[in-house]
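Dropping my_file_26.txt in here (compact mmCIF, C-alpha atoms):
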```txt
# COMPACT_ATOMS: atom_id res chain seq x y z
CA MET A 1 -25.15 -5.25 -3.54
CA TYR A 2 -22.29 -7.15 -5.16
CA ILE A 3 -19.06 -5.16 -5.33
CA LEU A 4 -15.88 -6.34 -7.04
CA VAL A 5 -12.68 -4.92 -5.55
CA CYS A 6 -9.56 -4.98 -7.72
CA ASN A 7 -5.97 -4.40 -6.66
CA VAL A 8 -3.78 -4.18 -9.76
CA GLY A 9 0.01 -4.37 -9.72
CA SER A 10 2.43 -3.98 -12.60
CA THR A 11 2.14 -7.75 -13.30
CA SER A 12 -0.67 -8.88 -11.02
CA LEU A 13 -4.42 -8.69 -10.42
CA LYS A 14 -5.96 -9.43 -7.03
CA PHE A 15 -9.73 -9.44 -6.64
CA LYS A 16 -12.45 -9.97 -4.04
CA LEU A 17 -16.20 -10.07 -4.52
CA TYR A 18 -18.13 -8.57 -1.58
CA ASP A 19 -21.76 -8.73 -0.58
CA MET A 20 -22.38 -5.25 0.83
CA PRO A 21 -23.28 -3.81 3.28
CA ALA A 22 -22.71 -7.13 5.07
CA CYS A 23 -18.97 -6.86 4.25
CA GLN A 24 -18.99 -10.56 3.39
CA VAL A 25 -16.29 -11.84 1.04
CA LEU A 26 -17.97 -14.29 -1.33
CA ALA A 27 -14.92 -15.13 -3.42
CA GLN A 28 -11.35 -14.03 -3.94
CA GLY A 29 -8.40 -14.75 -6.17
CA LYS A 30 -5.33 -13.43 -7.91
CA ALA A 31 -3.41 -13.67 -11.14
CA GLU A 32 0.37 -13.32 -10.85
CA ARG A 33 2.99 -12.74 -13.54
CA VAL A 34 0.47 -11.23 -15.92
CA GLY A 35 2.19 -10.99 -19.30
CA SER A 36 3.63 -14.49 -19.16
CA LEU A 37 2.83 -17.10 -21.83
CA ASP A 38 3.84 -20.12 -19.76
CA ASP A 39 4.81 -19.13 -16.21
CA ALA A 40 1.78 -17.32 -14.77
CA ILE A 41 -0.10 -18.34 -11.61
CA PHE A 42 -3.84 -18.15 -11.01
CA GLN A 43 -5.63 -18.79 -7.72
CA TYR A 44 -9.32 -18.67 -6.83
CA GLU A 45 -11.35 -19.48 -3.73
CA ASN A 46 -15.10 -19.66 -3.18
CA ARG A 47 -15.33 -18.40 0.40
CA CYS A 48 -18.85 -19.79 0.79
CA SER A 49 -18.15 -23.42 -0.15
CA GLY A 50 -14.41 -23.49 0.45
CA SER A 51 -13.70 -24.82 -3.05
CA GLN A 52 -10.38 -23.66 -4.49
CA ILE A 53 -8.33 -23.84 -7.65
CA GLU A 54 -4.64 -23.14 -8.15
CA GLU A 55 -3.05 -23.16 -11.59
CA LYS A 56 0.69 -22.82 -12.17
CA ASN A 57 2.73 -22.43 -15.33
CA VAL A 58 -0.29 -21.14 -17.25
CA SER A 59 -0.59 -18.52 -19.96
CA ILE A 60 -1.93 -15.11 -18.88
CA PRO A 61 -0.54 -12.89 -21.64
CA ASP A 62 -2.37 -9.68 -20.64
CA TYR A 63 -5.01 -8.17 -18.37
CA GLN A 64 -7.71 -9.24 -20.80
CA ALA A 65 -6.83 -12.86 -20.03
CA ALA A 66 -6.53 -12.20 -16.28
CA VAL A 67 -9.94 -10.51 -16.08
CA SER A 68 -11.53 -13.22 -18.22
CA ARG A 69 -10.31 -15.90 -15.79
CA CYS A 70 -11.54 -13.88 -12.82
CA LEU A 71 -15.05 -13.36 -14.17
CA SER A 72 -15.40 -16.90 -15.51
CA CYS A 73 -14.60 -18.31 -12.05
CA LEU A 74 -17.09 -16.00 -10.36
CA THR A 75 -19.88 -17.21 -12.68
CA ASP A 76 -18.83 -20.86 -13.04
CA THR A 77 -21.66 -23.28 -12.25
CA GLN A 78 -19.41 -25.39 -10.00
CA ILE A 79 -17.19 -22.90 -8.16
CA GLY A 80 -18.88 -19.56 -8.85
CA VAL A 81 -20.89 -17.37 -6.50
CA ILE A 82 -23.04 -15.40 -8.98
CA SER A 83 -24.99 -16.49 -12.03
CA GLU A 84 -23.91 -13.67 -14.38
CA VAL A 85 -21.41 -10.80 -14.36
CA GLY A 86 -24.22 -8.27 -14.69
CA GLN A 87 -25.02 -8.87 -11.01
CA ILE A 88 -21.85 -6.92 -10.11
CA GLU A 89 -23.19 -3.39 -9.63
CA ARG A 90 -19.97 -1.64 -8.64
CA VAL A 91 -16.23 -2.08 -9.04
CA GLY A 92 -13.79 -0.51 -6.61
CA PHE A 93 -10.18 -0.05 -7.69
CA LYS A 94 -7.15 0.61 -5.54
CA THR A 95 -5.77 3.38 -7.75
CA THR A 96 -2.55 5.33 -7.22
CA ILE A 97 -2.62 8.90 -8.50
CA SER A 98 -4.53 11.22 -10.83
CA LYS A 99 -3.91 14.90 -11.51
CA ASN A 100 -6.34 17.05 -9.48
CA HIS A 101 -8.15 13.98 -8.10
CA PHE A 102 -6.92 13.05 -4.64
CA GLY A 103 -9.90 11.37 -2.97
CA ASN A 104 -12.33 8.65 -4.04
CA HIS A 105 -13.67 9.37 -7.52
CA GLU A 106 -15.86 7.74 -10.10
CA LEU A 107 -13.56 6.71 -12.92
CA THR A 108 -14.81 9.11 -15.57
CA GLU A 109 -12.79 9.98 -18.64
CA GLU A 110 -11.61 13.14 -16.87
CA VAL A 111 -10.22 11.11 -13.96
CA LEU A 112 -8.59 8.60 -16.31
CA GLU A 113 -7.01 11.47 -18.22
CA GLY A 114 -5.62 12.72 -14.92
CA MET A 115 -4.04 9.31 -14.39
CA ARG A 116 -2.43 9.53 -17.82
CA ALA A 117 -1.23 13.08 -17.15
CA TRP A 118 0.58 12.05 -13.98
CA MET A 119 1.92 8.79 -15.37
CA PRO A 120 5.55 9.92 -14.71
CA LEU A 121 4.91 9.87 -10.95
CA ALA A 122 3.75 6.22 -10.94
CA PRO A 123 4.50 4.75 -14.39
CA LEU A 124 4.15 1.04 -13.58
CA HIS A 125 1.15 1.45 -11.29
CA ASN A 126 -0.90 3.78 -13.50
CA ALA A 127 -0.17 1.82 -16.67
CA GLY A 128 -1.44 -1.40 -15.08
CA HIS A 129 -4.50 0.31 -13.60
CA LEU A 130 -5.51 1.89 -16.91
CA GLN A 131 -5.22 -1.41 -18.78
CA ALA A 132 -7.26 -3.35 -16.21
CA ILE A 133 -9.93 -0.65 -15.88
CA ASN A 134 -10.39 -0.59 -19.65
CA VAL A 135 -10.79 -4.38 -19.82
CA ILE A 136 -13.22 -4.69 -16.88
CA ARG A 137 -15.29 -1.73 -18.08
CA LYS A 138 -15.93 -3.55 -21.37
CA ALA A 139 -16.97 -6.67 -19.47
CA LEU A 140 -19.21 -4.74 -17.05
CA PRO A 141 -20.57 -1.80 -19.06
CA ASP A 142 -23.41 -1.02 -16.64
CA ALA A 143 -21.40 -1.04 -13.41
CA ILE A 144 -20.22 2.02 -11.49
CA PHE A 145 -16.40 2.19 -11.30
CA LEU A 146 -14.80 3.95 -8.33
CA GLY A 147 -11.12 4.75 -7.94
CA CYS A 148 -9.95 4.89 -4.32
CA PHE A 149 -6.77 6.85 -4.85
CA GLU A 150 -3.76 6.19 -2.66
CA THR A 151 -3.58 9.90 -1.93
CA SER A 152 -7.12 10.11 -0.53
CA PHE A 153 -6.47 9.65 3.20
CA HIS A 154 -3.81 12.38 3.19
CA ARG A 155 -5.70 15.16 1.43
CA GLU A 156 -6.40 17.05 4.69
CA ILE A 157 -2.76 17.24 5.78
CA PRO A 158 -2.09 20.92 6.64
CA LEU A 159 -0.52 22.86 3.79
CA GLU A 160 2.58 23.75 5.81
CA ARG A 161 3.42 20.04 5.93
CA LYS A 162 2.69 19.51 2.24
CA LEU A 163 4.66 22.24 0.52
CA TYR A 164 8.19 21.86 -0.75
CA GLY A 165 10.53 24.86 -0.78
CA VAL A 166 9.99 25.40 -4.49
CA PRO A 167 8.46 28.43 -6.24
CA TYR A 168 4.85 28.68 -5.08
CA GLU A 169 3.76 28.86 -8.72
CA TRP A 170 4.87 25.24 -9.13
CA TYR A 171 2.32 24.25 -6.50
CA GLU A 172 -0.41 26.35 -8.15
CA ARG A 173 0.38 25.41 -11.75
CA TYR A 174 1.69 21.86 -11.55
CA GLY A 175 0.39 20.64 -8.20
CA VAL A 176 3.87 20.08 -6.76
CA GLN A 177 3.34 19.01 -3.14
CA ARG A 178 3.70 16.07 -0.80
CA LEU A 179 0.73 13.82 -1.51
CA GLY A 180 1.29 10.58 0.40
CA TYR A 181 0.23 7.01 -0.43
CA HIS A 182 -0.95 3.78 1.21
CA SER A 183 -4.29 5.45 1.97
CA ALA A 184 -6.23 2.19 1.80
CA SER A 185 -3.98 0.74 4.51
CA HIS A 186 -3.59 3.75 6.82
CA GLY A 187 -7.28 4.58 6.40
CA TYR A 188 -8.22 1.05 7.45
CA ILE A 189 -5.97 1.34 10.52
CA ALA A 190 -7.72 4.61 11.41
CA ASP A 191 -11.09 2.85 11.17
CA VAL A 192 -9.96 0.03 13.49
CA LEU A 193 -8.46 2.46 16.01
CA GLY A 194 -11.75 4.35 15.99
CA GLU A 195 -13.47 1.15 17.10
CA ILE A 196 -10.85 0.63 19.85
CA ALA A 197 -10.39 4.18 21.11
CA GLY A 198 -13.37 6.19 19.93
CA SER A 199 -13.11 9.44 18.01
CA LYS A 200 -10.24 11.09 19.94
CA TYR A 201 -6.75 9.59 19.71
CA ARG A 202 -3.20 10.16 18.47
CA ALA A 203 -1.61 7.34 16.52
CA ILE A 204 1.30 6.50 14.26
CA SER A 205 0.69 3.78 11.68
CA CYS A 206 3.74 1.96 10.27
CA HIS A 207 2.90 0.26 6.96
CA LEU A 208 6.03 -1.83 6.43
CA GLY A 209 6.32 -4.10 3.40
CA GLY A 210 7.75 -4.11 -0.09
CA SER A 211 6.71 -0.46 -0.12
CA SER A 212 6.77 1.24 3.29
CA SER A 213 5.44 4.42 4.88
CA VAL A 214 4.70 5.96 8.27
CA CYS A 215 1.58 8.05 8.90
CA ALA A 216 0.56 10.34 11.77
CA ILE A 217 -3.16 10.03 12.54
CA GLN A 218 -5.11 12.36 14.79
CA ASP A 219 -8.77 11.66 15.53
CA GLY A 220 -9.10 9.45 12.46
CA LYS A 221 -7.39 11.85 10.01
CA SER A 222 -3.93 11.86 8.48
CA ILE A 223 -1.93 14.91 9.55
CA ASP A 224 1.44 13.86 8.09
CA THR A 225 3.08 11.03 6.17
CA SER A 226 6.55 9.95 5.11
CA PHE A 227 5.76 9.75 1.39
CA GLY A 228 6.24 12.79 -0.83
CA MET A 229 4.71 13.52 -4.23
CA SER A 230 5.96 10.34 -5.88
CA LEU A 231 6.40 6.76 -4.74
CA GLN A 232 10.14 7.38 -4.94
CA SER A 233 10.31 9.03 -1.52
CA GLY A 234 10.08 8.51 2.23
CA LEU A 235 11.51 5.36 3.83
CA ILE A 236 13.77 3.07 1.86
CA HIS A 237 11.64 0.40 0.21
CA ALA A 238 12.36 -3.14 -0.93
CA ALA A 239 14.11 -1.94 -4.09
CA ARG A 240 13.31 1.80 -4.26
CA VAL A 241 15.64 4.41 -2.87
CA GLY A 242 13.21 6.50 -0.78
CA ASP A 243 14.23 10.03 0.25
CA MET A 244 17.08 11.35 -1.86
CA ASP A 245 18.96 14.55 -2.69
CA CYS A 246 17.38 16.02 -5.83
CA ASP A 247 20.80 16.84 -7.33
CA LEU A 248 22.00 13.24 -7.14
CA TYR A 249 20.57 12.51 -10.60
CA GLU A 250 22.72 15.14 -12.31
CA PHE A 251 25.75 14.15 -10.26
CA LEU A 252 25.48 10.54 -11.42
CA ARG A 253 25.01 11.66 -15.02
CA HIS A 254 28.21 13.67 -14.64
CA GLU A 255 29.94 10.56 -13.31
CA GLY A 256 29.06 8.69 -16.50
CA LEU A 257 25.95 6.69 -15.62
CA SER A 258 23.24 6.50 -18.25
CA GLU A 259 19.64 7.59 -17.59
CA GLU A 260 18.56 3.94 -17.68
CA GLU A 261 21.20 2.94 -15.12
CA ILE A 262 20.20 5.76 -12.78
CA ARG A 263 16.48 5.03 -13.02
CA GLU A 264 17.10 1.33 -12.47
CA GLY A 265 19.28 2.11 -9.46
CA PHE A 266 16.63 4.38 -7.96
CA GLY A 267 13.62 2.18 -8.70
CA LYS A 268 14.69 -1.45 -9.05
CA LYS A 269 18.12 -1.86 -7.49
CA GLY A 270 17.91 0.53 -4.54
CA GLY A 271 16.45 0.23 -1.04
CA LEU A 272 17.05 -2.94 0.97
CA LEU A 273 18.35 -4.68 -2.15
CA GLY A 274 20.73 -1.89 -3.08
CA ILE A 275 22.30 -1.53 0.36
CA SER A 276 22.45 -5.22 1.31
CA GLY A 277 23.34 -6.66 -2.08
CA VAL A 278 21.42 -9.73 -0.89
CA SER A 279 17.69 -9.34 -1.60
CA SER A 280 14.73 -6.99 -1.64
CA ASP A 281 13.03 -9.39 0.81
CA LEU A 282 13.78 -8.42 4.41
CA ARG A 283 13.58 -12.06 5.52
CA TYR A 284 16.62 -12.96 3.42
CA VAL A 285 18.42 -9.77 4.45
CA GLU A 286 17.90 -10.62 8.14
CA ALA A 287 19.12 -14.18 7.59
CA ALA A 288 22.27 -12.87 5.92
CA ALA A 289 22.82 -10.40 8.76
CA GLN A 290 22.59 -13.23 11.30
CA GLU A 291 25.36 -15.00 9.40
CA GLY A 292 27.59 -11.95 9.73
CA ASN A 293 26.92 -10.09 6.48
CA GLN A 294 27.72 -6.49 7.42
CA ARG A 295 25.98 -4.91 4.43
CA ALA A 296 22.82 -6.83 5.23
CA GLN A 297 22.98 -5.53 8.81
CA LEU A 298 23.56 -2.02 7.49
CA ALA A 299 20.43 -2.26 5.31
CA ILE A 300 18.37 -3.23 8.37
CA ASP A 301 19.89 -0.39 10.40
CA VAL A 302 19.10 2.16 7.68
CA PHE A 303 15.50 0.89 7.45
CA VAL A 304 14.97 1.01 11.23
CA SER A 305 16.65 4.41 11.49
CA GLY A 306 14.25 5.85 8.91
CA ILE A 307 11.19 4.43 10.67
CA VAL A 308 12.31 5.82 14.02
CA HIS A 309 13.15 9.19 12.44
CA TYR A 310 9.61 9.63 11.11
CA ILE A 311 8.00 8.35 14.31
CA GLY A 312 9.97 10.92 16.30
CA ALA A 313 8.98 13.75 13.98
CA PHE A 314 5.33 12.72 13.99
CA TYR A 315 5.34 12.38 17.77
CA MET A 316 6.08 16.10 17.86
CA ASP A 317 3.41 16.85 15.24
CA LEU A 318 0.87 14.99 17.36
CA CYS A 319 2.11 16.50 20.66
CA GLY A 320 2.31 13.00 22.12
CA LEU A 321 1.19 9.50 21.21
CA ASP A 322 -1.52 7.08 22.28
CA PHE A 323 -1.07 4.24 19.75
CA LEU A 324 1.81 2.83 17.74
CA VAL A 325 0.61 0.38 15.06
CA PHE A 326 2.55 -2.04 12.86
CA THR A 327 0.88 -3.34 9.70
CA ALA A 328 1.53 -4.85 6.22
CA GLY A 329 3.77 -7.83 5.46
CA ILE A 330 6.83 -6.84 7.48
CA GLY A 331 4.97 -4.96 10.20
CA GLU A 332 2.55 -7.81 10.83
CA ASN A 333 5.01 -10.70 10.70
CA ASP A 334 8.53 -9.55 11.62
CA SER A 335 8.80 -9.54 15.41
CA THR A 336 12.55 -8.80 15.25
CA LEU A 337 11.98 -5.63 13.24
CA ARG A 338 9.22 -4.49 15.62
CA LYS A 339 11.55 -5.00 18.59
CA ARG A 340 14.37 -3.07 16.91
CA VAL A 341 12.04 -0.12 16.34
CA CYS A 342 10.46 -0.14 19.79
CA ASP A 343 13.81 -0.50 21.56
CA LYS A 344 14.81 2.85 20.06
CA LEU A 345 11.56 4.49 21.20
CA GLY A 346 12.05 4.06 24.94
CA VAL A 347 12.67 7.80 25.24
CA LEU A 348 9.04 8.30 24.12
CA GLY A 349 7.80 5.89 26.77
CA VAL A 350 7.29 2.93 24.42
CA VAL A 351 7.67 -0.45 26.15
CA LEU A 352 7.10 -3.68 24.19
CA ASP A 353 5.94 -6.96 25.72
CA GLU A 354 8.70 -9.08 24.22
CA GLU A 355 6.95 -12.39 24.87
CA LYS A 356 3.76 -11.33 23.12
CA ASN A 357 5.75 -9.72 20.33
CA ALA A 358 7.77 -12.87 19.62
CA ALA A 359 4.57 -14.93 19.40
CA CYS A 360 2.66 -12.49 17.18
CA HIS A 361 2.68 -13.22 13.46
CA GLY A 362 -0.04 -11.76 11.25
CA THR A 363 -2.85 -11.50 13.77
CA GLN A 364 -4.35 -8.46 15.50
CA GLN A 365 -2.87 -8.21 18.96
CA GLU A 366 -1.85 -5.65 21.56
CA LEU A 367 1.86 -5.88 22.38
CA THR A 368 2.05 -3.17 25.04
CA GLY A 369 4.58 -3.85 27.79
CA SER A 370 4.24 -3.05 31.48
CA GLY A 371 4.63 0.65 32.21
CA SER A 372 4.41 1.74 28.57
CA LYS A 373 3.00 5.22 27.96
CA VAL A 374 2.01 4.18 24.42
CA ARG A 375 -0.21 1.26 23.43
CA VAL A 376 1.51 -0.90 20.80
CA PHE A 377 -0.55 -2.96 18.34
CA VAL A 378 -0.20 -5.22 15.35
CA ILE A 379 -3.26 -4.69 13.15
CA PRO A 380 -3.32 -6.62 9.86
CA THR A 381 -4.44 -4.24 7.16
CA ASP A 382 -7.47 -5.02 5.01
CA GLU A 383 -7.19 -2.60 2.13
CA GLU A 384 -9.86 -4.36 0.08
CA LEU A 385 -12.50 -4.05 2.81
CA GLY A 386 -11.81 -0.33 3.09
CA ILE A 387 -12.21 0.04 -0.67
CA ALA A 388 -15.42 -2.03 -0.62
CA ARG A 389 -16.89 0.23 2.07
CA ARG A 390 -16.03 3.42 0.22
CA THR A 391 -17.33 2.03 -3.06
CA TYR A 392 -20.62 1.07 -1.41
CA GLU A 393 -20.96 4.48 0.29
CA TYR A 394 -20.30 6.44 -2.91
CA LYS A 395 -23.25 8.51 -4.13
CA ARG A 396 -23.46 9.95 -7.59
CA THR A 397 -24.08 13.69 -7.64
```
Turn this file's structure into structure tokens for me.
Amino acid sequence: MYILVCNVGSTSLKFKLYDMPACQVLAQGKAERVGSLDDAIFQYENRCSGSQIEEKNVSIPDYQAAVSRCLSCLTDTQIGVISEVGQIERVGFKTTISKNHFGNHELTEEVLEGMRAWMPLAPLHNAGHLQAINVIRKALPDAIFLGCFETSFHREIPLERKLYGVPYEWYERYGVQRLGYHSASHGYIADVLGEIAGSKYRAISCHLGGSSSVCAIQDGKSIDTSFGMSLQSGLIHAARVGDMDCDLYEFLRHEGLSEEEIREGFGKKGGLLGISGVSSDLRYVEAAAQEGNQRAQLAIDVFVSGIVHYIGAFYMDLCGLDFLVFTAGIGENDSTLRKRVCDKLGVLGVVLDEEKNAACHGTQQELTGSGSKVRVFVIPTDEELGIARRTYEYKRT
């Protein structure tokens, strides 16, 4: 069965075509800067033949154009891997949030309406998803479309860890609760740990990247996570503020800031960028810190402090810890950040092999030091494979 997996950002479309159940990637590619008339980037690779194309400074004005390029490459007589788009039987989407739909759901009109209803919680993500889904559905009218929602892995978190201290009617009527995200990533980590440890284990997964979260996993299930109901919560992110006092909005309005300025500060100028004043990219922040920039160092300290805070809390939730996992762009590649975190976790019995850690960049490896009570791993996440598996396993009722 051919399954197309799509990961849509606010201005990007990443895709992989899988042959399932073999879990073989036949082709992959991405369109970046969707919406640009002259500065977009398109990449495609036939994983069977190795043939590739890379186009820069091209026009990709909308998702219609991005999807058209994707499908034309997949069916091209020279670089394609299928003869016609109708061979794609299912499409799996990494979707963010939909009212009353927290798992993996066929993208019916009811589910899409739920995405529209909760647009305020993820405006950029849901808007992009809805546009791309609409375009691909027209191109593949006979395919089954599955949304793997970023809340799905966390739906079994105990209610006492989900509820805010708000009127209970808000939970019943509006669904106000901590939902959690990065399910495709944390769920994949749980799958890999199941292969390593079997069905019984206690783990903390640290998804650290442009958007970051920490997740407590017990026996393959999420029991707590750092994210709240919206993406504007938890750890500080590249440019999003993370956890914040709910009255800060009104305070800033009182101080004379406009709604646009506040929203931009929370969502586009906060996080690592907001504190450091240097960049939303941790690599540049770390370079500035090494040159003596105190704000850059402060941004790193705040980030590390938040990670350690959640790990400590989740250690108590789990009543101990067997595995500590680092994943995503920062977690997989930043050995300095991993060392900073682990150095603060000595009280929990975490010992890092510093030599292995320094040499590990983007590959799966155990970094456990001598005498450590916790096994430390880098496991590169494969969100698309997790989505492909769930899309293949889906059965219509």
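Put simply, CA of Val5 in chain A is 29.4 Å away from CA of Arg283 in chain A.
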Skip range 201-211 of chain A itself and residues of its chain fewer than 2 positions away, then list as a list of chain:residue names all residues within 6 Å of it, counting all atoms listed in the file.
-> A:Ser213, A:Val214, A:Cys215, A:Ala216, A:Ile217, A:Gln218, A:Asp219, A:His237, A:Ala238, A:Leu321, A:Asp322, A:Phe323, A:Leu324, A:Val325, A:Phe326, A:Thr327, A:Ala328, A:Gly329, A:Ile330, A:Gly331
Pick from A:Arg47, A:Lys94, A:His309, A:Arg389, whichever lies nearest to Asp191 in chain A using only C-alpha atoms |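 Looking only at the distances to Asp191 in chain A, the closest residue turns out to be A:Arg389.
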Counting all atoms listed in the file, the residue among A:Lys30, A:Gln364, A:Glu286, A:Arg375 that lies closest to Ala197 in chain A is A:Arg375
Separation of CA of Ser212 in chain A from CA of Gly306 in chain A in Å = 10.4 Å
Write a file for range 310-394 of chain A of the given structure; include C-alpha atoms and format it as a PDB file, in the first residue's frame.
```
ATOM      1  CA  TYR A 310      10.051  19.323  34.209  1.00  0.00           C
ATOM      2  CA  ILE A 311      12.390  16.328  34.391  1.00  0.00           C
ATOM      3  CA  GLY A 312      12.441  16.626  38.181  1.00  0.00           C
ATOM      4  CA  ALA A 313       8.661  16.840  38.394  1.00  0.00           C
ATOM      5  CA  PHE A 314       8.172  13.906  36.039  1.00  0.00           C
ATOM      6  CA  TYR A 315      10.744  11.853  37.930  1.00  0.00           C
ATOM      7  CA  MET A 316       8.391  12.079  40.901  1.00  0.00           C
ATOM      8  CA  ASP A 317       5.346  11.262  38.750  1.00  0.00           C
ATOM      9  CA  LEU A 318       7.127   8.152  37.504  1.00  0.00           C
ATOM     10  CA  CYS A 319       8.493   7.212  40.954  1.00  0.00           C
ATOM     11  CA  GLY A 320      11.953   6.878  39.439  1.00  0.00           C
ATOM     12  CA  LEU A 321      13.518   6.760  35.992  1.00  0.00           C
ATOM     13  CA  ASP A 322      14.998   4.138  33.686  1.00  0.00           C
ATOM     14  CA  PHE A 323      15.621   6.162  30.505  1.00  0.00           C
ATOM     15  CA  LEU A 324      16.360   9.790  29.686  1.00  0.00           C
ATOM     16  CA  VAL A 325      16.060  10.494  25.943  1.00  0.00           C
ATOM     17  CA  PHE A 326      17.088  13.537  23.911  1.00  0.00           C
ATOM     18  CA  THR A 327      15.514  14.023  20.480  1.00  0.00           C
ATOM     19  CA  ALA A 328      14.671  16.621  17.764  1.00  0.00           C
ATOM     20  CA  GLY A 329      17.082  19.163  16.276  1.00  0.00           C
ATOM     21  CA  ILE A 330      18.646  20.481  19.479  1.00  0.00           C
ATOM     22  CA  GLY A 331      18.350  17.274  21.476  1.00  0.00           C
ATOM     23  CA  GLU A 332      19.959  15.172  18.752  1.00  0.00           C
ATOM     24  CA  ASN A 333      22.770  17.537  17.781  1.00  0.00           C
ATOM     25  CA  ASP A 334      23.689  19.834  20.684  1.00  0.00           C
ATOM     26  CA  SER A 335      26.109  17.962  22.935  1.00  0.00           C
ATOM     27  CA  THR A 336      26.741  21.078  25.048  1.00  0.00           C
ATOM     28  CA  LEU A 337      23.047  21.449  25.872  1.00  0.00           C
ATOM     29  CA  ARG A 338      22.772  17.741  26.753  1.00  0.00           C
ATOM     30  CA  LYS A 339      25.744  18.069  29.119  1.00  0.00           C
ATOM     31  CA  ARG A 340      24.276  21.163  30.781  1.00  0.00           C
ATOM     32  CA  VAL A 341      21.042  19.291  31.470  1.00  0.00           C
ATOM     33  CA  CYS A 342      22.645  16.070  32.676  1.00  0.00           C
ATOM     34  CA  ASP A 343      25.111  17.897  34.927  1.00  0.00           C
ATOM     35  CA  LYS A 344      22.131  19.251  36.861  1.00  0.00           C
ATOM     36  CA  LEU A 345      20.571  15.789  37.173  1.00  0.00           C
ATOM     37  CA  GLY A 346      23.343  14.162  39.194  1.00  0.00           C
ATOM     38  CA  VAL A 347      21.064  14.175  42.237  1.00  0.00           C
ATOM     39  CA  LEU A 348      18.805  11.750  40.326  1.00  0.00           C
ATOM     40  CA  GLY A 349      21.735   9.460  39.580  1.00  0.00           C
ATOM     41  CA  VAL A 350      22.233  10.611  35.980  1.00  0.00           C
ATOM     42  CA  VAL A 351      25.838  10.266  34.767  1.00  0.00           C
ATOM     43  CA  LEU A 352      26.747  11.162  31.176  1.00  0.00           C
ATOM     44  CA  ASP A 353      29.640   9.643  29.236  1.00  0.00           C
ATOM     45  CA  GLU A 354      31.162  12.941  28.155  1.00  0.00           C
ATOM     46  CA  GLU A 355      33.338  11.431  25.435  1.00  0.00           C
ATOM     47  CA  LYS A 356      30.430   9.666  23.748  1.00  0.00           C
ATOM     48  CA  ASN A 357      28.236  12.722  24.204  1.00  0.00           C
ATOM     49  CA  ALA A 358      30.728  15.062  22.525  1.00  0.00           C
ATOM     50  CA  ALA A 359      30.986  12.714  19.533  1.00  0.00           C
ATOM     51  CA  CYS A 360      27.235  12.151  19.119  1.00  0.00           C
ATOM     52  CA  HIS A 361      25.480  14.303  16.535  1.00  0.00           C
ATOM     53  CA  GLY A 362      22.171  13.144  15.080  1.00  0.00           C
ATOM     54  CA  THR A 363      22.590   9.394  15.414  1.00  0.00           C
ATOM     55  CA  GLN A 364      20.982   6.932  17.823  1.00  0.00           C
ATOM     56  CA  GLN A 365      23.424   6.213  20.599  1.00  0.00           C
ATOM     57  CA  GLU A 366      23.534   5.394  24.296  1.00  0.00           C
ATOM     58  CA  LEU A 367      25.448   8.027  26.267  1.00  0.00           C
ATOM     59  CA  THR A 368      25.205   6.466  29.728  1.00  0.00           C
ATOM     60  CA  GLY A 369      28.234   7.100  31.935  1.00  0.00           C
ATOM     61  CA  SER A 370      29.814   4.702  34.411  1.00  0.00           C
ATOM     62  CA  GLY A 371      27.752   4.293  37.569  1.00  0.00           C
ATOM     63  CA  SER A 372      24.667   6.026  36.179  1.00  0.00           C
ATOM     64  CA  LYS A 373      21.334   4.893  37.621  1.00  0.00           C
ATOM     65  CA  VAL A 374      19.564   6.125  34.469  1.00  0.00           C
ATOM     66  CA  ARG A 375      20.297   5.099  30.886  1.00  0.00           C
ATOM     67  CA  VAL A 376      20.804   8.168  28.685  1.00  0.00           C
ATOM     68  CA  PHE A 377      20.070   8.014  24.951  1.00  0.00           C
ATOM     69  CA  VAL A 378      19.965  10.159  21.857  1.00  0.00           C
ATOM     70  CA  ILE A 379      17.210   8.803  19.608  1.00  0.00           C
ATOM     71  CA  PRO A 380      16.545  10.754  16.394  1.00  0.00           C
ATOM     72  CA  THR A 381      12.812  11.110  16.031  1.00  0.00           C
ATOM     73  CA  ASP A 382      11.026   9.866  12.918  1.00  0.00           C
ATOM     74  CA  GLU A 383       7.623  11.479  13.106  1.00  0.00           C
ATOM     75  CA  GLU A 384       6.723  10.566   9.536  1.00  0.00           C
ATOM     76  CA  LEU A 385       7.291   6.842  10.094  1.00  0.00           C
ATOM     77  CA  GLY A 386       5.040   6.928  13.145  1.00  0.00           C
ATOM     78  CA  ILE A 387       2.330   8.644  11.109  1.00  0.00           C
ATOM     79  CA  ALA A 388       2.766   6.146   8.260  1.00  0.00           C
ATOM     80  CA  ARG A 389       2.309   3.238  10.674  1.00  0.00           C
ATOM     81  CA  ARG A 390      -0.816   4.700  12.236  1.00  0.00           C
ATOM     82  CA  THR A 391      -2.275   5.559   8.845  1.00  0.00           C
ATOM     83  CA  TYR A 392      -1.675   2.011   7.626  1.00  0.00           C
ATOM     84  CA  GLU A 393      -3.184   0.482  10.791  1.00  0.00           C
ATOM     85  CA  TYR A 394      -6.330   2.630  10.650  1.00  0.00           C
TER      86      TYR A 394
END
```
